[in-house]
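Here's the structure, in structure tokens; my notes come after.
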Amino acid sequence: MPELTQSPAGLRPESRPDPERWVDEHGDYLFHFALSRLRDASLAEDFVQETLLAGLRGMDRYQGRSTERTWLAGILRNKVLDHFRVAGRETNFTDLEFFTDEEERTFENQEYPDHWNPAHAPSEWTDAGSSLDREEFWKVFHQCSGKLPDRIGRVFLLREVDRISSDEICSTLKISPNNLWVMLHRARLALRRCLEIHWFKSAEEDAE
Amino acid sequence: MSLLPKFIQKPLIGFLASLTPPCRRIVALGSQRIDSASGLGPIISLRIRFHCVLCKACARYLQQLDFLHEAAAQSSQHFAPGSGRARLPEEAKQRIRERIRCERASQ
């Protein structure tokens, strides 16, 4: 009889996931993932619980090709998308009024209409790439993205963080491509401005 | 451009600018360029590029959008104590642990 080295799911017994550990090892990560998309702490807790229970029930399907965290985040992501599918049917999923006044001011130019207002034109971001290695930058990044209105914030995370295609987001949330583009455009305008003020300009002031 | 006398510079810039969409439109197109599966097409892409040759602010904005795109993709990996991210409350952890134990016992 051949030695039994692998579980039915193709994993060695010692590498099989241990759901007892998941709460401590991945609980905070999954909670942040859920909270940033759902913007409701108690709902996010429920989603983490449902994700870990789904992981436990589907453990035999875990092939060990991705890390446990990636696998669990994938389950959570699908649960969040299912939730949005239902929410998208029930609500008008837009936040188009967000940032309209700010956008007006940004392109208020007497001499050349619809060109940059010199006071709002983007500043140069010195050594932006190295910011990505600094934890303080990520703190500011998460604070800025957390300030986006609920729906715009969700759309931004789905598109830019989860890299879900525009078509899939439109069909999940039942919105038109134009509405999606406007929401993403406003999210980027707002996030860029927030990072400029709270990270790049404040770093410049600290250096002076 | 700065070698030209000022009275020619301004109308020339105005004329060249009129050949491309205004900054407000370029900024929106720059965002759409990231999300449109089929791209914006060669003519619009060319007009954006031409505009950016004349307009430093738009060129900078589009570069910063690329930075945001890259940062957003990496943002989920940056999960460290003190990085400003939310934590699952201890009582919720305890509740979930108990639910897992119950579920395992019933399997």
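Following the order of the structure tokens, chains are lettered A, B, ..., residues in each are numbered from 1, and ligands are numbered from 1.
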
Taking only residues of chain B that have an atom at most 9 Å from an atom of chain A, what is each one's shortest atom pair and its distance in Å to one decimal, using only C-alpha atoms, in chain and number order, as JSON lines?
```
{"residue": "B:Gly14", "atom": "CA", "partner": "A:Tyr112", "partner_atom": "CA", "distance": 8.2}
{"residue": "B:Pro22", "atom": "CA", "partner": "A:His115", "partner_atom": "CA", "distance": 5.7}
{"residue": "B:Cys23", "atom": "CA", "partner": "A:His115", "partner_atom": "CA", "distance": 4.7}
{"residue": "B:Arg24", "atom": "CA", "partner": "A:Asp114", "partner_atom": "CA", "distance": 5.4}
{"residue": "B:Arg25", "atom": "CA", "partner": "A:Asp114", "partner_atom": "CA", "distance": 8.0}
{"residue": "B:Val27", "atom": "CA", "partner": "A:His185", "partner_atom": "CA", "distance": 8.1}
{"residue": "B:Ala28", "atom": "CA", "partner": "A:His185", "partner_atom": "CA", "distance": 6.0}
{"residue": "B:Leu29", "atom": "CA", "partner": "A:His185", "partner_atom": "CA", "distance": 8.7}
{"residue": "B:Gly30", "atom": "CA", "partner": "A:His185", "partner_atom": "CA", "distance": 8.6}
{"residue": "B:Ser31", "atom": "CA", "partner": "A:His185", "partner_atom": "CA", "distance": 5.5}
{"residue": "B:Gln32", "atom": "CA", "partner": "A:Trp181", "partner_atom": "CA", "distance": 6.0}
{"residue": "B:Asp35", "atom": "CA", "partner": "A:Ser166", "partner_atom": "CA", "distance": 6.2}
{"residue": "B:Ser36", "atom": "CA", "partner": "A:Ser166", "partner_atom": "CA", "distance": 7.2}
{"residue": "B:Ala37", "atom": "CA", "partner": "A:Ser166", "partner_atom": "CA", "distance": 7.6}
{"residue": "B:Ala57", "atom": "CA", "partner": "A:Pro122", "partner_atom": "CA", "distance": 5.9}
{"residue": "B:Cys58", "atom": "CA", "partner": "A:Pro122", "partner_atom": "CA", "distance": 8.0}
{"residue": "B:Arg60", "atom": "CA", "partner": "A:Pro122", "partner_atom": "CA", "distance": 6.7}
{"residue": "B:Tyr61", "atom": "CA", "partner": "A:Pro122", "partner_atom": "CA", "distance": 6.1}
{"residue": "B:Gln64", "atom": "CA", "partner": "A:Arg192", "partner_atom": "CA", "distance": 7.4}
{"residue": "B:Leu65", "atom": "CA", "partner": "A:Arg188", "partner_atom": "CA", "distance": 7.2}
{"residue": "B:Phe67", "atom": "CA", "partner": "A:Ala128", "partner_atom": "CA", "distance": 7.8}
{"residue": "B:Leu68", "atom": "CA", "partner": "A:Arg192", "partner_atom": "CA", "distance": 7.4}
{"residue": "B:His69", "atom": "CA", "partner": "A:Glu160", "partner_atom": "CA", "distance": 6.3}
{"residue": "B:Glu70", "atom": "CA", "partner": "A:Glu160", "partner_atom": "CA", "distance": 8.6}
{"residue": "B:Ala71", "atom": "CA", "partner": "A:Leu132", "partner_atom": "CA", "distance": 6.9}
{"residue": "B:Ala72", "atom": "CA", "partner": "A:Val161", "partner_atom": "CA", "distance": 5.2}
{"residue": "B:Ala73", "atom": "CA", "partner": "A:Val161", "partner_atom": "CA", "distance": 4.9}
{"residue": "B:Gln74", "atom": "CA", "partner": "A:Val161", "partner_atom": "CA", "distance": 7.6}
{"residue": "B:Ser75", "atom": "CA", "partner": "A:Trp138", "partner_atom": "CA", "distance": 7.1}
{"residue": "B:Ser76", "atom": "CA", "partner": "A:Val161", "partner_atom": "CA", "distance": 7.1}
{"residue": "B:His78", "atom": "CA", "partner": "A:Trp138", "partner_atom": "CA", "distance": 6.8}
{"residue": "B:Phe79", "atom": "CA", "partner": "A:Tyr29", "partner_atom": "CA", "distance": 7.1}
{"residue": "B:Ala80", "atom": "CA", "partner": "A:Glu135", "partner_atom": "CA", "distance": 7.8}
{"residue": "B:Gly82", "atom": "CA", "partner": "A:Lys139", "partner_atom": "CA", "distance": 7.8}
{"residue": "B:Ser83", "atom": "CA", "partner": "A:Lys139", "partner_atom": "CA", "distance": 4.7}
{"residue": "B:Gly84", "atom": "CA", "partner": "A:Lys139", "partner_atom": "CA", "distance": 5.0}
{"residue": "B:Arg85", "atom": "CA", "partner": "A:His32", "partner_atom": "CA", "distance": 6.4}
{"residue": "B:Ala86", "atom": "CA", "partner": "A:His32", "partner_atom": "CA", "distance": 5.3}
{"residue": "B:Arg87", "atom": "CA", "partner": "A:Asp28", "partner_atom": "CA", "distance": 4.8}
{"residue": "B:Leu88", "atom": "CA", "partner": "A:Asp28", "partner_atom": "CA", "distance": 5.0}
{"residue": "B:Pro89", "atom": "CA", "partner": "A:Asp28", "partner_atom": "CA", "distance": 8.5}
{"residue": "B:Ala92", "atom": "CA", "partner": "A:Glu45", "partner_atom": "CA", "distance": 6.8}
{"residue": "B:Lys93", "atom": "CA", "partner": "A:Val23", "partner_atom": "CA", "distance": 6.2}
{"residue": "B:Gln94", "atom": "CA", "partner": "A:Val23", "partner_atom": "CA", "distance": 8.6}
{"residue": "B:Arg95", "atom": "CA", "partner": "A:Gln49", "partner_atom": "CA", "distance": 8.7}
{"residue": "B:Ile96", "atom": "CA", "partner": "A:Gln49", "partner_atom": "CA", "distance": 5.7}
{"residue": "B:Arg97", "atom": "CA", "partner": "A:Glu20", "partner_atom": "CA", "distance": 6.6}
{"residue": "B:Arg99", "atom": "CA", "partner": "A:Leu53", "partner_atom": "CA", "distance": 7.9}
{"residue": "B:Ile100", "atom": "CA", "partner": "A:Leu53", "partner_atom": "CA", "distance": 6.4}
{"residue": "B:Arg101", "atom": "CA", "partner": "A:Glu20", "partner_atom": "CA", "distance": 7.8}
{"residue": "B:Glu103", "atom": "CA", "partner": "A:Leu53", "partner_atom": "CA", "distance": 7.6}
{"residue": "B:Arg104", "atom": "CA", "partner": "A:Leu56", "partner_atom": "CA", "distance": 7.9}
{"residue": "B:Gln107", "atom": "CA", "partner": "A:Arg57", "partner_atom": "CA", "distance": 8.7}
```

Create the file for the chosen residues now, containing N, CA and C atoms and written as a short mmCIF file (atom, residue, chain, number, x, y, z; two decimals), in the first residue's frame.
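Contents of selection-v8.cif, freshly written:
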```
data_model
loop_
_atom_site.label_atom_id
_atom_site.label_comp_id
_atom_site.auth_asym_id
_atom_site.auth_seq_id
_atom_site.Cartn_x
_atom_site.Cartn_y
_atom_site.Cartn_z
N GLY B 14 -2.85 79.90 -27.26
CA GLY B 14 -4.31 79.84 -27.34
C GLY B 14 -4.75 79.05 -28.56
N PRO B 22 -10.26 70.82 -23.81
CA PRO B 22 -9.80 71.57 -22.63
C PRO B 22 -9.31 70.62 -21.53
N CYS B 23 -8.57 71.19 -20.58
CA CYS B 23 -7.98 70.37 -19.50
C CYS B 23 -9.04 69.53 -18.79
N ARG B 24 -10.20 70.12 -18.55
CA ARG B 24 -11.25 69.41 -17.83
C ARG B 24 -11.60 68.09 -18.54
N ARG B 25 -11.66 68.16 -19.86
CA ARG B 25 -12.00 66.97 -20.66
C ARG B 25 -10.82 65.99 -20.67
N VAL B 27 -8.61 65.51 -18.39
CA VAL B 27 -8.53 64.86 -17.08
C VAL B 27 -9.56 63.72 -16.98
N ALA B 28 -10.77 63.97 -17.50
CA ALA B 28 -11.81 62.92 -17.49
C ALA B 28 -11.41 61.78 -18.41
N LEU B 29 -10.88 62.13 -19.58
CA LEU B 29 -10.45 61.08 -20.54
C LEU B 29 -9.30 60.26 -19.96
N GLY B 30 -8.43 60.94 -19.21
CA GLY B 30 -7.29 60.25 -18.60
C GLY B 30 -7.75 59.19 -17.63
N SER B 31 -8.85 59.47 -16.95
CA SER B 31 -9.40 58.48 -16.02
C SER B 31 -10.09 57.36 -16.81
N GLN B 32 -10.84 57.75 -17.83
CA GLN B 32 -11.57 56.76 -18.65
C GLN B 32 -10.60 55.79 -19.33
N ASP B 35 -10.05 52.71 -17.43
CA ASP B 35 -11.18 51.81 -17.21
C ASP B 35 -11.80 51.24 -18.47
N SER B 36 -11.52 51.85 -19.60
CA SER B 36 -12.18 51.40 -20.82
C SER B 36 -11.43 50.19 -21.38
N ALA B 37 -12.16 49.08 -21.51
CA ALA B 37 -11.53 47.83 -21.97
C ALA B 37 -10.99 47.98 -23.39
N ALA B 57 0.43 70.86 -16.52
CA ALA B 57 -0.46 70.44 -15.43
C ALA B 57 -1.17 69.14 -15.78
N CYS B 58 -1.67 69.04 -17.01
CA CYS B 58 -2.37 67.80 -17.41
C CYS B 58 -1.39 66.63 -17.49
N ARG B 60 1.24 66.20 -15.78
CA ARG B 60 1.51 65.84 -14.38
C ARG B 60 0.33 65.06 -13.80
N TYR B 61 -0.90 65.54 -14.09
CA TYR B 61 -2.10 64.87 -13.55
C TYR B 61 -2.17 63.43 -14.04
N GLN B 64 0.21 61.30 -12.32
CA GLN B 64 -0.22 61.04 -10.94
C GLN B 64 -1.35 60.02 -10.89
N LEU B 65 -2.19 60.00 -11.93
CA LEU B 65 -3.24 58.97 -12.01
C LEU B 65 -2.60 57.59 -12.12
N PHE B 67 0.26 56.78 -10.94
CA PHE B 67 0.80 56.49 -9.60
C PHE B 67 -0.32 55.97 -8.69
N LEU B 68 -1.50 56.63 -8.73
CA LEU B 68 -2.64 56.20 -7.91
C LEU B 68 -3.06 54.78 -8.25
N HIS B 69 -3.05 54.49 -9.55
CA HIS B 69 -3.44 53.17 -10.05
C HIS B 69 -2.50 52.11 -9.46
N GLU B 70 -1.22 52.41 -9.47
CA GLU B 70 -0.21 51.49 -8.93
C GLU B 70 -0.34 51.39 -7.41
N ALA B 71 -0.53 52.53 -6.75
CA ALA B 71 -0.65 52.53 -5.28
C ALA B 71 -1.89 51.75 -4.85
N ALA B 72 -3.01 51.95 -5.55
CA ALA B 72 -4.24 51.25 -5.17
C ALA B 72 -4.05 49.74 -5.28
N ALA B 73 -3.33 49.32 -6.32
CA ALA B 73 -3.11 47.88 -6.52
C ALA B 73 -2.31 47.30 -5.36
N GLN B 74 -1.39 48.10 -4.81
CA GLN B 74 -0.54 47.60 -3.72
C GLN B 74 -1.17 47.80 -2.34
N SER B 75 -2.24 48.61 -2.28
CA SER B 75 -2.73 49.05 -0.97
C SER B 75 -3.18 47.91 -0.07
N SER B 76 -3.71 46.83 -0.68
CA SER B 76 -4.21 45.75 0.18
C SER B 76 -3.07 44.96 0.82
N HIS B 78 -0.52 46.39 2.25
CA HIS B 78 0.05 47.18 3.34
C HIS B 78 -0.86 47.16 4.54
N PHE B 79 -0.63 46.16 5.31
CA PHE B 79 -1.48 45.90 6.44
C PHE B 79 -0.57 45.66 7.64
N ALA B 80 -0.21 46.73 8.31
CA ALA B 80 0.72 46.60 9.44
C ALA B 80 0.17 47.37 10.62
N GLY B 82 -0.59 50.04 13.19
CA GLY B 82 -0.37 51.48 13.12
C GLY B 82 -0.52 52.06 11.73
N SER B 83 -0.93 51.24 10.75
CA SER B 83 -1.05 51.78 9.40
C SER B 83 -2.44 52.40 9.17
N GLY B 84 -3.21 52.52 10.24
CA GLY B 84 -4.49 53.20 10.13
C GLY B 84 -5.62 52.30 9.65
N ARG B 85 -5.39 51.00 9.67
CA ARG B 85 -6.44 50.10 9.20
C ARG B 85 -7.25 49.57 10.38
N ALA B 86 -8.51 49.27 10.08
CA ALA B 86 -9.42 48.81 11.13
C ALA B 86 -9.07 47.39 11.58
N ARG B 87 -9.39 47.07 12.81
CA ARG B 87 -9.12 45.73 13.35
C ARG B 87 -10.44 45.09 13.78
N LEU B 88 -10.49 43.79 13.65
CA LEU B 88 -11.67 43.04 14.06
C LEU B 88 -11.73 43.07 15.59
N PRO B 89 -12.85 43.56 16.17
CA PRO B 89 -12.91 43.66 17.64
C PRO B 89 -12.73 42.28 18.30
N ALA B 92 -15.75 40.05 18.68
CA ALA B 92 -16.17 39.43 17.41
C ALA B 92 -15.26 38.23 17.11
N LYS B 93 -13.97 38.36 17.41
CA LYS B 93 -13.04 37.24 17.19
C LYS B 93 -13.47 36.04 18.02
N GLN B 94 -13.80 36.32 19.28
CA GLN B 94 -14.21 35.26 20.18
C GLN B 94 -15.47 34.58 19.66
N ARG B 95 -16.42 35.40 19.22
CA ARG B 95 -17.68 34.85 18.71
C ARG B 95 -17.43 33.97 17.48
N ILE B 96 -16.56 34.44 16.60
CA ILE B 96 -16.29 33.69 15.36
C ILE B 96 -15.56 32.37 15.69
N ARG B 97 -14.61 32.44 16.65
CA ARG B 97 -13.91 31.21 17.06
C ARG B 97 -14.92 30.17 17.55
N ARG B 99 -18.08 29.95 16.80
CA ARG B 99 -18.91 29.47 15.67
C ARG B 99 -18.13 28.41 14.87
N ILE B 100 -16.82 28.64 14.72
CA ILE B 100 -16.00 27.68 13.98
C ILE B 100 -15.95 26.35 14.75
N ARG B 101 -15.77 26.46 16.06
CA ARG B 101 -15.72 25.22 16.87
C ARG B 101 -17.04 24.46 16.75
N GLU B 103 -19.20 24.58 14.33
CA GLU B 103 -19.33 24.06 12.96
C GLU B 103 -18.48 22.80 12.79
N ARG B 104 -17.27 22.82 13.34
CA ARG B 104 -16.37 21.66 13.23
C ARG B 104 -16.96 20.47 13.99
N GLN B 107 -19.52 18.67 12.06
CA GLN B 107 -19.14 18.09 10.75
C GLN B 107 -18.92 16.58 10.87
#
```

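Computed from the coordinates, the atom CA of A:Ala34 to atom CA of A:Arg85 distance equals 15.4 Å.
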
Practice task
Going by DSSP on the backbone, which bits of chain B are helix (DSSP H, G or I)? Write them as a PyMOL selection string, please.
Solution key: chain B and resi 6-18+23-35+42-54+56-75+90-106

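Distance-wise, atom CA of B:Leu62 and atom CA of B:Ile48 end up 9.8 Å apart.
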
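One distance worth recording is that between atom CA of B:Lys56 and atom CA of B:Gly39, which is 23.0 Å.
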